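Next up, data_35.pdb (PDB, C-alpha atoms and all ligand atoms):
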```
MODEL        1
ATOM      1  CA  MET A   1     292.944 162.683 139.831
ATOM      2  CA  ALA A   2     289.323 161.738 140.662
ATOM      3  CA  PRO A   3     286.920 162.804 137.906
ATOM      4  CA  VAL A   4     285.197 166.055 138.836
ATOM      5  CA  ALA A   5     281.409 166.072 138.335
ATOM      6  CA  THR A   6     280.763 168.135 135.254
ATOM      7  CA  THR A   7     278.109 170.797 135.389
ATOM      8  CA  GLU A   8     276.266 169.574 132.298
ATOM      9  CA  GLN A   9     274.455 166.287 132.634
ATOM     10  CA  TYR A  10     276.108 163.284 131.016
ATOM     11  CA  ILE A  11     273.545 161.764 128.712
ATOM     12  CA  PRO A  12     274.737 158.547 127.088
ATOM     13  CA  SER A  13     273.865 158.253 123.430
ATOM     14  CA  ALA A  14     270.961 156.030 122.375
ATOM     15  CA  THR A  15     273.345 153.548 120.792
ATOM     16  CA  GLU A  16     275.437 153.453 123.985
ATOM     17  CA  VAL A  17     272.334 152.760 126.135
ATOM     18  CA  GLN A  18     271.164 150.284 123.514
ATOM     19  CA  LYS A  19     274.471 148.471 123.937
ATOM     20  CA  TYR A  20     273.716 148.005 127.657
ATOM     21  CA  ASP A  21     270.220 146.690 126.942
ATOM     22  CA  ILE A  22     271.600 143.523 125.470
ATOM     23  CA  LEU A  23     273.932 142.870 128.394
ATOM     24  CA  GLU A  24     271.339 141.434 130.779
ATOM     25  CA  ASP A  25     273.049 138.081 130.655
ATOM     26  CA  TYR A  26     273.590 137.707 134.414
ATOM     27  CA  LYS A  27     276.719 135.777 133.556
ATOM     28  CA  GLY A  28     279.081 138.268 135.131
ATOM     29  CA  SER A  29     279.044 141.008 132.487
ATOM     30  CA  TYR A  30     275.855 142.854 133.519
ATOM     31  CA  ARG A  31     276.479 146.601 133.125
ATOM     32  CA  PHE A  32     274.429 149.775 133.694
ATOM     33  CA  ALA A  33     274.356 152.818 131.504
ATOM     34  CA  PRO A  34     276.946 155.230 132.956
ATOM     35  CA  ILE A  35     275.856 157.967 135.365
ATOM     36  CA  GLU A  36     277.311 160.760 137.444
ATOM     37  CA  GLU A  37     276.345 161.043 141.132
ATOM     38  CA  ALA A  38     275.224 164.628 140.702
ATOM     39  CA  GLN A  39     272.641 163.460 138.145
ATOM     40  CA  VAL A  40     270.932 161.315 140.797
ATOM     41  CA  SER A  41     270.938 164.110 143.368
ATOM     42  CA  ARG A  42     269.647 166.651 140.887
ATOM     43  CA  ALA A  43     266.937 164.283 139.617
ATOM     44  CA  MET A  44     265.543 164.069 143.163
ATOM     45  CA  ILE A  45     266.121 167.672 144.224
ATOM     46  CA  LYS A  46     264.556 169.178 141.092
ATOM     47  CA  ARG A  47     261.375 167.115 141.378
ATOM     48  CA  TYR A  48     260.894 167.222 145.164
ATOM     49  CA  PHE A  49     261.418 170.934 145.571
ATOM     50  CA  ASN A  50     259.390 171.694 142.481
ATOM     51  CA  THR A  51     256.526 169.789 144.120
ATOM     52  CA  MET A  52     257.030 171.738 147.364
ATOM     53  CA  TYR A  53     256.963 174.991 145.399
ATOM     54  CA  GLU A  54     253.903 174.037 143.351
ATOM     55  CA  ARG A  55     251.977 172.605 146.340
ATOM     56  CA  ALA A  56     252.666 175.589 148.611
ATOM     57  CA  ILE A  57     249.199 176.546 147.340
ATOM     58  CA  SER A  58     247.005 173.456 147.038
ATOM     59  CA  ASP A  59     243.287 173.038 146.445
ATOM     60  CA  VAL A  60     242.896 170.369 149.119
ATOM     61  CA  VAL A  61     245.309 169.159 151.783
ATOM     62  CA  ILE A  62     244.660 165.729 153.293
ATOM     63  CA  VAL A  63     246.445 165.184 156.610
ATOM     64  CA  GLY A  64     247.144 161.501 157.238
ATOM     65  CA  ALA A  65     247.549 158.706 154.694
ATOM     66  CA  GLY A  66     245.712 155.962 156.542
ATOM     67  CA  SER A  67     242.710 154.076 155.149
ATOM     68  CA  ALA A  68     240.388 157.087 155.511
ATOM     69  CA  GLY A  69     242.845 159.636 154.125
ATOM     70  CA  LEU A  70     243.852 157.452 151.172
ATOM     71  CA  SER A  71     240.241 156.493 150.314
ATOM     72  CA  CYS A  72     239.437 160.200 150.394
ATOM     73  CA  ALA A  73     242.418 161.097 148.191
ATOM     74  CA  TYR A  74     241.553 158.399 145.632
ATOM     75  CA  HIS A  75     237.868 159.348 145.411
ATOM     76  CA  LEU A  76     238.557 163.089 145.290
ATOM     77  CA  ALA A  77     241.343 162.815 142.685
ATOM     78  CA  ASN A  78     239.201 160.507 140.577
ATOM     79  CA  SER A  79     236.158 162.792 140.777
ATOM     80  CA  ARG A  80     238.068 166.054 140.311
ATOM     81  CA  PRO A  81     241.257 165.607 138.265
ATOM     82  CA  ASP A  82     241.477 169.421 138.125
ATOM     83  CA  LEU A  83     242.176 169.706 141.865
ATOM     84  CA  LYS A  84     245.712 169.872 143.298
ATOM     85  CA  ILE A  85     245.454 167.369 146.169
ATOM     86  CA  THR A  86     248.379 167.238 148.601
ATOM     87  CA  ILE A  87     248.646 164.459 151.188
ATOM     88  CA  ILE A  88     250.809 165.120 154.248
ATOM     89  CA  GLU A  89     251.878 161.954 156.104
ATOM     90  CA  ALA A  90     254.021 162.022 159.221
ATOM     91  CA  ASN A  91     255.410 158.508 158.848
ATOM     92  CA  VAL A  92     257.968 157.509 156.257
ATOM     93  CA  ALA A  93     255.551 154.633 155.416
ATOM     94  CA  PRO A  94     252.003 155.784 154.587
ATOM     95  CA  GLY A  95     249.087 153.491 155.413
ATOM     96  CA  GLY A  96     248.493 154.209 159.088
ATOM     97  CA  GLY A  97     246.817 151.316 160.883
ATOM     98  CA  ALA A  98     245.771 149.547 157.695
ATOM     99  CA  TRP A  99     248.771 147.248 157.262
ATOM    100  CA  LEU A 100     247.226 144.772 159.715
ATOM    101  CA  GLY A 101     243.665 143.567 160.384
ATOM    102  CA  GLY A 102     243.616 143.465 164.186
ATOM    103  CA  GLN A 103     245.892 142.311 167.034
ATOM    104  CA  LEU A 104     248.722 141.940 164.501
ATOM    105  CA  MET A 105     246.642 139.478 162.476
ATOM    106  CA  THR A 106     246.867 140.217 158.762
ATOM    107  CA  PRO A 107     243.435 139.500 157.148
ATOM    108  CA  MET A 108     241.263 142.644 156.818
ATOM    109  CA  VAL A 109     237.486 142.622 157.386
ATOM    110  CA  ILE A 110     235.305 145.054 155.453
ATOM    111  CA  ARG A 111     231.547 145.096 156.011
ATOM    112  CA  LYS A 112     229.189 145.437 153.068
ATOM    113  CA  PRO A 113     228.411 147.729 151.260
ATOM    114  CA  ALA A 114     231.960 149.106 151.551
ATOM    115  CA  ASP A 115     233.167 146.058 149.575
ATOM    116  CA  ARG A 116     232.021 147.983 146.481
ATOM    117  CA  PHE A 117     235.187 150.074 146.792
ATOM    118  CA  LEU A 118     237.342 146.941 146.693
ATOM    119  CA  ARG A 119     235.858 146.048 143.341
ATOM    120  CA  GLU A 120     236.432 149.621 142.131
ATOM    121  CA  ILE A 121     240.160 149.542 142.897
ATOM    122  CA  GLY A 122     240.605 145.855 142.087
ATOM    123  CA  VAL A 123     241.301 144.216 145.449
ATOM    124  CA  PRO A 124     240.292 140.521 145.587
ATOM    125  CA  TYR A 125     238.452 139.258 148.663
ATOM    126  CA  GLU A 126     236.532 136.307 150.097
ATOM    127  CA  ASP A 127     232.804 136.875 150.493
ATOM    128  CA  GLU A 128     231.429 135.932 153.911
ATOM    129  CA  GLY A 129     227.879 137.186 153.385
ATOM    130  CA  ALA A 130     227.496 140.358 155.469
ATOM    131  CA  PHE A 131     231.181 141.159 155.138
ATOM    132  CA  VAL A 132     234.214 140.328 153.016
ATOM    133  CA  VAL A 133     237.796 139.448 153.960
ATOM    134  CA  VAL A 134     240.888 140.680 152.123
ATOM    135  CA  LYS A 135     243.570 138.028 152.589
ATOM    136  CA  HIS A 136     246.131 140.591 153.797
ATOM    137  CA  ALA A 137     245.502 144.202 154.865
ATOM    138  CA  ALA A 138     248.662 145.177 152.979
ATOM    139  CA  LEU A 139     247.023 144.027 149.744
ATOM    140  CA  PHE A 140     244.259 146.598 150.281
ATOM    141  CA  THR A 141     246.536 149.387 151.463
ATOM    142  CA  SER A 142     249.264 148.934 148.863
ATOM    143  CA  THR A 143     246.683 148.769 146.060
ATOM    144  CA  LEU A 144     244.862 151.883 147.299
ATOM    145  CA  LEU A 145     248.167 153.718 147.817
ATOM    146  CA  SER A 146     249.409 152.877 144.335
ATOM    147  CA  LYS A 147     246.110 153.879 142.705
ATOM    148  CA  ALA A 148     246.022 157.225 144.543
ATOM    149  CA  LEU A 149     249.699 158.023 143.889
ATOM    150  CA  ALA A 150     249.385 157.141 140.204
ATOM    151  CA  MET A 151     247.009 160.071 139.721
ATOM    152  CA  ASP A 152     248.723 163.166 138.311
ATOM    153  CA  ASN A 153     246.934 165.574 140.658
ATOM    154  CA  VAL A 154     247.918 163.747 143.866
ATOM    155  CA  ALA A 155     251.180 164.641 145.638
ATOM    156  CA  LEU A 156     252.256 162.749 148.765
ATOM    157  CA  MET A 157     254.672 164.336 151.213
ATOM    158  CA  ASN A 158     255.537 161.554 153.673
ATOM    159  CA  ALA A 159     257.964 161.887 156.595
ATOM    160  CA  THR A 160     256.311 165.310 156.895
ATOM    161  CA  ALA A 161     254.201 166.313 159.887
ATOM    162  CA  VAL A 162     251.411 168.833 160.188
ATOM    163  CA  GLU A 163     252.337 170.615 163.404
ATOM    164  CA  ASP A 164     249.738 173.349 163.309
ATOM    165  CA  LEU A 165     246.782 174.713 161.369
ATOM    166  CA  ILE A 166     246.639 178.053 159.556
ATOM    167  CA  ILE A 167     243.567 179.747 161.074
ATOM    168  CA  VAL A 168     242.579 183.105 159.586
ATOM    169  CA  LYS A 169     239.715 185.537 160.015
ATOM    170  CA  ASP A 170     237.672 185.857 156.847
ATOM    171  CA  PHE A 171     236.119 189.105 155.650
ATOM    172  CA  GLU A 172     233.063 188.476 157.860
ATOM    173  CA  GLY A 173     235.343 188.198 160.884
ATOM    174  CA  LYS A 174     234.697 184.433 161.090
ATOM    175  CA  GLN A 175     237.641 182.139 161.759
ATOM    176  CA  ARG A 176     238.391 179.556 159.103
ATOM    177  CA  VAL A 177     241.084 176.952 158.625
ATOM    178  CA  ALA A 178     243.053 178.016 155.567
ATOM    179  CA  GLY A 179     246.038 175.675 155.453
ATOM    180  CA  VAL A 180     248.531 173.641 157.432
ATOM    181  CA  VAL A 181     251.873 174.267 159.097
ATOM    182  CA  THR A 182     254.395 171.558 158.285
ATOM    183  CA  ASN A 183     257.843 170.354 159.204
ATOM    184  CA  TRP A 184     259.913 167.236 158.557
ATOM    185  CA  THR A 185     258.574 164.736 161.134
ATOM    186  CA  LEU A 186     262.054 164.201 162.576
ATOM    187  CA  VAL A 187     262.187 167.923 163.245
ATOM    188  CA  ALA A 188     258.625 168.046 164.620
ATOM    189  CA  LEU A 189     259.559 165.289 167.097
ATOM    190  CA  ASN A 190     262.709 167.101 168.203
ATOM    191  CA  HIS A 191     261.655 170.664 168.906
ATOM    192  CA  ASP A 192     262.693 170.261 172.520
ATOM    193  CA  THR A 193     266.199 169.100 171.646
ATOM    194  CA  GLN A 194     267.204 172.075 169.482
ATOM    195  CA  SER A 195     266.704 175.803 169.441
ATOM    196  CA  CYS A 196     263.763 176.984 167.348
ATOM    197  CA  MET A 197     263.363 175.120 164.059
ATOM    198  CA  ASP A 198     260.635 177.008 162.243
ATOM    199  CA  PRO A 199     258.059 175.273 160.042
ATOM    200  CA  ASN A 200     256.789 175.671 156.509
ATOM    201  CA  THR A 201     253.222 176.306 155.316
ATOM    202  CA  ILE A 202     250.783 174.994 152.721
ATOM    203  CA  THR A 203     247.659 177.042 152.110
ATOM    204  CA  ALA A 204     244.437 175.524 150.790
ATOM    205  CA  PRO A 205     240.722 176.397 150.997
ATOM    206  CA  VAL A 206     239.914 172.922 152.331
ATOM    207  CA  ILE A 207     241.813 170.768 154.800
ATOM    208  CA  ILE A 208     240.714 167.168 155.372
ATOM    209  CA  SER A 209     242.174 165.739 158.559
ATOM    210  CA  ALA A 210     242.422 161.959 158.846
ATOM    211  CA  THR A 211     245.034 161.572 161.554
ATOM    212  CA  GLY A 212     243.461 158.627 163.342
ATOM    213  CA  HIS A 213     242.724 158.118 167.025
ATOM    214  CA  ASP A 214     246.057 157.111 168.534
ATOM    215  CA  GLY A 215     249.720 157.082 167.589
ATOM    216  CA  PRO A 216     252.343 159.789 168.245
ATOM    217  CA  MET A 217     250.207 162.545 166.667
ATOM    218  CA  GLY A 218     246.731 160.997 166.479
ATOM    219  CA  ALA A 219     243.604 163.152 166.298
ATOM    220  CA  PHE A 220     245.923 166.087 165.622
ATOM    221  CA  SER A 221     243.479 168.610 164.153
ATOM    222  CA  ALA A 222     240.680 167.753 166.603
ATOM    223  CA  LYS A 223     243.065 168.373 169.501
ATOM    224  CA  ARG A 224     244.357 171.596 167.870
ATOM    225  CA  MET A 225     240.775 172.820 167.493
ATOM    226  CA  VAL A 226     240.405 172.601 171.278
ATOM    227  CA  SER A 227     243.677 174.397 172.031
ATOM    228  CA  ALA A 228     242.918 177.001 169.347
ATOM    229  CA  GLY A 229     239.489 177.697 170.835
ATOM    230  CA  LEU A 230     237.544 176.308 167.854
ATOM    231  CA  LEU A 231     236.110 173.404 169.920
ATOM    232  CA  LYS A 232     235.184 173.449 173.613
ATOM    233  CA  GLU A 233     236.409 169.918 174.357
ATOM    234  CA  LEU A 234     237.067 166.600 172.654
ATOM    235  CA  GLY A 235     234.177 164.121 172.594
ATOM    236  CA  ASN A 236     236.709 161.279 173.107
ATOM    237  CA  MET A 237     236.214 157.966 171.354
ATOM    238  CA  ARG A 238     233.730 155.704 173.149
ATOM    239  CA  GLY A 239     233.842 151.912 173.744
ATOM    240  CA  LEU A 240     233.737 149.360 170.944
ATOM    241  CA  ASP A 241     230.391 148.722 169.233
ATOM    242  CA  MET A 242     230.769 147.868 165.544
ATOM    243  CA  ASN A 243     227.082 148.305 164.741
ATOM    244  CA  ARG A 244     226.952 151.801 166.275
ATOM    245  CA  ALA A 245     230.461 152.981 165.390
ATOM    246  CA  GLU A 246     230.652 152.485 161.632
ATOM    247  CA  PRO A 247     227.439 154.259 160.533
ATOM    248  CA  ALA A 248     228.056 157.053 163.079
ATOM    249  CA  ILE A 249     231.490 157.863 161.643
ATOM    250  CA  VAL A 250     230.380 157.666 158.015
ATOM    251  CA  ASN A 251     227.214 159.727 158.500
ATOM    252  CA  GLY A 252     229.007 162.156 160.833
ATOM    253  CA  THR A 253     231.825 162.960 158.363
ATOM    254  CA  ARG A 254     231.539 166.697 157.782
ATOM    255  CA  GLU A 255     233.138 170.135 157.809
ATOM    256  CA  VAL A 256     233.475 170.577 161.587
ATOM    257  CA  THR A 257     234.610 174.192 161.330
ATOM    258  CA  PRO A 258     234.888 176.370 158.222
ATOM    259  CA  GLY A 259     237.696 174.982 156.054
ATOM    260  CA  LEU A 260     238.262 171.772 158.078
ATOM    261  CA  ILE A 261     236.682 168.373 157.382
ATOM    262  CA  LEU A 262     237.350 165.453 159.756
ATOM    263  CA  THR A 263     237.233 161.833 158.625
ATOM    264  CA  GLY A 264     238.041 158.368 159.937
ATOM    265  CA  MET A 265     238.897 157.679 163.559
ATOM    266  CA  GLU A 266     239.915 161.290 164.183
ATOM    267  CA  LEU A 267     236.215 162.092 163.891
ATOM    268  CA  SER A 268     235.386 159.611 166.655
ATOM    269  CA  GLU A 269     237.706 161.580 168.958
ATOM    270  CA  HIS A 270     236.011 164.851 167.939
ATOM    271  CA  ASP A 271     232.421 163.594 168.219
ATOM    272  CA  GLY A 272     232.789 161.000 170.958
ATOM    273  CA  SER A 273     231.414 158.198 168.779
ATOM    274  CA  ASN A 274     232.153 154.540 169.432
ATOM    275  CA  ARG A 275     235.109 152.724 168.029
ATOM    276  CA  MET A 276     234.616 149.747 165.745
ATOM    277  CA  GLY A 277     237.875 147.862 166.231
ATOM    278  CA  PRO A 278     239.181 145.606 163.441
ATOM    279  CA  THR A 279     236.782 146.424 160.619
ATOM    280  CA  PHE A 280     237.617 149.020 157.978
ATOM    281  CA  GLY A 281     234.464 149.683 155.945
ATOM    282  CA  ALA A 282     233.719 152.909 157.779
ATOM    283  CA  MET A 283     237.210 154.245 157.053
ATOM    284  CA  ILE A 284     236.625 153.756 153.344
ATOM    285  CA  ALA A 285     233.101 155.194 153.344
ATOM    286  CA  SER A 286     234.046 158.093 155.623
ATOM    287  CA  GLY A 287     236.993 158.945 153.369
ATOM    288  CA  ILE A 288     234.687 158.973 150.347
ATOM    289  CA  LYS A 289     232.151 161.123 152.228
ATOM    290  CA  ALA A 290     234.940 163.549 153.184
ATOM    291  CA  ALA A 291     235.852 163.847 149.500
ATOM    292  CA  GLN A 292     232.223 164.610 148.651
ATOM    293  CA  GLU A 293     232.015 167.209 151.447
ATOM    294  CA  ALA A 294     235.208 168.818 150.144
ATOM    295  CA  MET A 295     233.753 169.078 146.625
ATOM    296  CA  LYS A 296     230.594 170.646 148.072
ATOM    297  CA  THR A 297     232.651 173.199 150.015
ATOM    298  CA  LEU A 298     234.835 174.059 147.013
ATOM    299  CA  ASP A 299     231.777 174.475 144.779
ATOM    300  CA  SER A 300     229.836 176.583 147.290
TER     301      SER A 300
HETATM  302  O1  LIG B   1     245.066 154.542 160.084
HETATM  303  P1  LIG B   1     245.080 155.845 160.806
HETATM  304  O2  LIG B   1     245.524 155.863 162.216
HETATM  305  O3  LIG B   1     243.660 156.563 160.785
HETATM  306  P2  LIG B   1     242.361 156.281 159.890
HETATM  307  O4  LIG B   1     241.263 157.092 160.514
HETATM  308  O5  LIG B   1     242.670 156.428 158.452
HETATM  309  O6  LIG B   1     242.051 154.719 160.132
HETATM  310  C1  LIG B   1     241.846 154.269 161.444
HETATM  311  C2  LIG B   1     241.835 152.754 161.408
HETATM  312  O7  LIG B   1     243.129 152.271 161.070
HETATM  313  C3  LIG B   1     241.500 152.221 162.760
HETATM  314  O8  LIG B   1     241.990 152.749 163.761
HETATM  315  C4  LIG B   1     240.663 150.991 162.858
HETATM  316  C5  LIG B   1     239.404 151.065 162.012
HETATM  317  N1  LIG B   1     240.388 150.742 164.257
HETATM  318  C6  LIG B   1     239.473 151.339 164.939
HETATM  319  C7  LIG B   1     239.475 151.113 166.404
HETATM  320  O9  LIG B   1     238.401 151.011 167.013
HETATM  321  O10 LIG B   1     240.608 150.982 166.954
HETATM  322  O11 LIG B   1     245.998 156.831 159.932
HETATM  323  C8  LIG B   1     246.301 158.134 160.394
HETATM  324  C9  LIG B   1     247.543 158.601 159.680
HETATM  325  C10 LIG B   1     248.806 157.845 160.134
HETATM  326  O12 LIG B   1     249.486 157.358 159.005
HETATM  327  C11 LIG B   1     249.619 158.887 160.878
HETATM  328  O13 LIG B   1     251.015 158.751 160.689
HETATM  329  C12 LIG B   1     249.136 160.173 160.212
HETATM  330  O14 LIG B   1     247.759 159.968 159.977
HETATM  331  N2  LIG B   1     249.249 161.355 161.073
HETATM  332  C13 LIG B   1     249.777 162.539 160.658
HETATM  333  N3  LIG B   1     250.317 162.901 159.484
HETATM  334  C14 LIG B   1     250.770 164.164 159.390
HETATM  335  N4  LIG B   1     250.701 165.068 160.398
HETATM  336  C15 LIG B   1     250.158 164.732 161.588
HETATM  337  N5  LIG B   1     250.084 165.624 162.570
HETATM  338  C16 LIG B   1     249.666 163.408 161.750
HETATM  339  N6  LIG B   1     249.068 162.732 162.779
HETATM  340  C17 LIG B   1     248.835 161.502 162.348
ENDMDL
END
```

What would the structure in this file look like if it were written as structure tokens?
Amino acid sequence: MAPVATTEQYIPSATEVQKYDILEDYKGSYRFAPIEEAQVSRAMIKRYFNTMYERAISDVVIVGAGSAGLSCAYHLANSRPDLKITIIEANVAPGGGAWLGGQLMTPMVIRKPADRFLREIGVPYEDEGAFVVVKHAALFTSTLLSKALAMDNVALMNATAVEDLIIVKDFEGKQRVAGVVTNWTLVALNHDTQSCMDPNTITAPVIISATGHDGPMGAFSAKRMVSAGLLKELGNMRGLDMNRAEPAIVNGTREVTPGLILTGMELSEHDGSNRMGPTFGAMIASGIKAAQEAMKTLDS
């Protein structure tokens, strides 16, 4: 009869595990310490749903794990290790548009002074004078992602979409964004194929939206502000002008409505600023500015 999974976890003894340590001979007798399937399932379930429970109330929610959202998460988590920072990313793979430099080419251009951040997180680059070049955009993004995720106060929920904002009236009767409405992305993309599949919520005093300017759900919060009556109309991203676009987005990063800060290319859709194309310094600096604005809001 097939062994039935026992309720208590099977924990091999130290000597038994020790025995396996010495078997890495790759000559046909490589063995793993024994396990029961339920142990794997429970190891995932316990941790994931504990995170969901704990992060149902977060201090800051960052929507979008692209270059702006991740730079923001890293700077905020580094500056305020006391804050519970929850990143919601619709894709299975975080990183947004920062896995490539431009037109599917892989080197990434970052204009000075944003190269300072590369030195802070330890990304090597070639110095070209007014700008630097990271040999592969994935080197920047994977390094930034690993640094942000390694911080104890950062939780990433990928394959999870923000499909609405929580908008409440505060005691002065003013509307403020007070959280996000979430669902598994596969569900969010299939609402019209099933009967109602209700969402979940995460409440937080500050939401930082970094959902980019295109893609299946780009500029999500800016668009929701219009449909929710918090913004008359979108400014819509203007034509490409690197010298106008990058300072405009960095200096324009702000709390656009109480409780909601926009950063990165989503801000260009809100404000109607130019796009900069294949240069990423403004994403980094705007993400850092968004983190500073969030700290100001939380401390006010
Ligand atoms: O990389 P993006 O799209 O956005 P940013 O602002 O971090 O960086 C933009 C940058 O890559 C450029 O576009 C460059 C500089 N080009 C400029 C130009 O002129 O073309 O990341 C946004 C992330 C993505 O990972 C999306 O999957 C995610 O946000 N996302 C969402 N996540 C959860 N819920 C949503 N509703 C949602 N919408 C988008």

Find the spatial neighbours of Ala90 in chain A, counting all atoms listed in the file, within a cut-off of 8 Å - ignore same-chain residues fewer than 5 positions away - and output them as a ChimeraX atom specification. /A:64,158-162,184-185

Which residue gives the smallest distance to Arg111 in chain A among A:Val177, A:Ile284, A:Ala294, A:Leu234, with only C-alpha atoms counted?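 Selected residue with least distance to Arg111 in chain A: A:Ile284.
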
Output as JSON the centre and edge lengths (Å, one decimal) of the box along x, y and z of the file that holds every listed atom of range 249-259 of chain A after adding 4 Å on each side.
```
{"center_x": 232.5, "center_y": 167.0, "center_z": 158.8, "size_x": 18.5, "size_y": 26.7, "size_z": 13.6}
```

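Checking A:Leu186, A:Ile202, A:Ile110, A:Leu144 one by one against Gly66 in chain A, counting all atoms listed in the file, you find the shortest gap at A:Leu144.
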
Name each residue within 8 Å of ligand LIG 1 (chain B), counting all atoms listed in the file, as a PyMOL selection string. chain A and resi 63-70+88-91+93-98+102+158+160-164+182+185+210-221+240+263-267+274-283

For the selection just defined, write its residues with C-alpha atoms to a file, as a compact mmCIF listing (two decimals), in the coordinates of the input.
```txt
# COMPACT_ATOMS: atom_id res chain seq x y z
CA VAL A 63 246.44 165.18 156.61
CA GLY A 64 247.14 161.50 157.24
CA ALA A 65 247.55 158.71 154.69
CA GLY A 66 245.71 155.96 156.54
CA SER A 67 242.71 154.08 155.15
CA ALA A 68 240.39 157.09 155.51
CA GLY A 69 242.84 159.64 154.12
CA LEU A 70 243.85 157.45 151.17
CA ILE A 88 250.81 165.12 154.25
CA GLU A 89 251.88 161.95 156.10
CA ALA A 90 254.02 162.02 159.22
CA ASN A 91 255.41 158.51 158.85
CA ALA A 93 255.55 154.63 155.42
CA PRO A 94 252.00 155.78 154.59
CA GLY A 95 249.09 153.49 155.41
CA GLY A 96 248.49 154.21 159.09
CA GLY A 97 246.82 151.32 160.88
CA ALA A 98 245.77 149.55 157.70
CA GLY A 102 243.62 143.46 164.19
CA ASN A 158 255.54 161.55 153.67
CA THR A 160 256.31 165.31 156.90
CA ALA A 161 254.20 166.31 159.89
CA VAL A 162 251.41 168.83 160.19
CA GLU A 163 252.34 170.62 163.40
CA ASP A 164 249.74 173.35 163.31
CA THR A 182 254.40 171.56 158.28
CA THR A 185 258.57 164.74 161.13
CA ALA A 210 242.42 161.96 158.85
CA THR A 211 245.03 161.57 161.55
CA GLY A 212 243.46 158.63 163.34
CA HIS A 213 242.72 158.12 167.02
CA ASP A 214 246.06 157.11 168.53
CA GLY A 215 249.72 157.08 167.59
CA PRO A 216 252.34 159.79 168.24
CA MET A 217 250.21 162.54 166.67
CA GLY A 218 246.73 161.00 166.48
CA ALA A 219 243.60 163.15 166.30
CA PHE A 220 245.92 166.09 165.62
CA SER A 221 243.48 168.61 164.15
CA LEU A 240 233.74 149.36 170.94
CA THR A 263 237.23 161.83 158.62
CA GLY A 264 238.04 158.37 159.94
CA MET A 265 238.90 157.68 163.56
CA GLU A 266 239.92 161.29 164.18
CA LEU A 267 236.22 162.09 163.89
CA ASN A 274 232.15 154.54 169.43
CA ARG A 275 235.11 152.72 168.03
CA MET A 276 234.62 149.75 165.74
CA GLY A 277 237.88 147.86 166.23
CA PRO A 278 239.18 145.61 163.44
CA THR A 279 236.78 146.42 160.62
CA PHE A 280 237.62 149.02 157.98
CA GLY A 281 234.46 149.68 155.94
CA ALA A 282 233.72 152.91 157.78
CA MET A 283 237.21 154.24 157.05
```

One number please: CA of Arg116 in chain A to CA of Ser286 in chain A, in Å, one decimal.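 Interatomic distance here is 13.8 Å.
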
So which residues get picked by the PyMOL selection byres (((chain A and resi 204) around 12) and not hetatm) here, written as a PyMOL selection string? chain A and resi 55-62+83-87+165-168+176-181+201-203+205-208+259-260+294+298

Using only C-alpha atoms, which of A:Ser273, A:Lys27, A:Val154, A:Ala148 sits nearest Met242 in chain A?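 Using only C-alpha atoms, Met242 in chain A sits closest to A:Ser273.
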
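In terms of minimum interatomic distance to His136 in chain A, A:Pro107 ranks closest within A:Pro199, A:Pro258, A:Gly287, A:Pro107, counting all atoms listed in the file.
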
Between CA of Thr15 in chain A and CA of Glu37 in chain A, what distance in Å does the model show, to one decimal? 21.9 Å

Interatomic distance between CA of Lys112 in chain A and CA of Val132 in chain A?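 CA of Val132 in chain A lies at a distance of 7.2 Å from CA of Lys112 in chain A.
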
8 Å contact set for Ala137 in chain A, only C-alpha atoms, chain neighbours under 3 positions out, as a list of chain:residue names: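 Result of the neighbour search: A:Ala98, A:Trp99, A:Leu100, A:Gly101, A:Thr106, A:Pro107, A:Met108, A:Val134, A:Phe140, A:Thr141.
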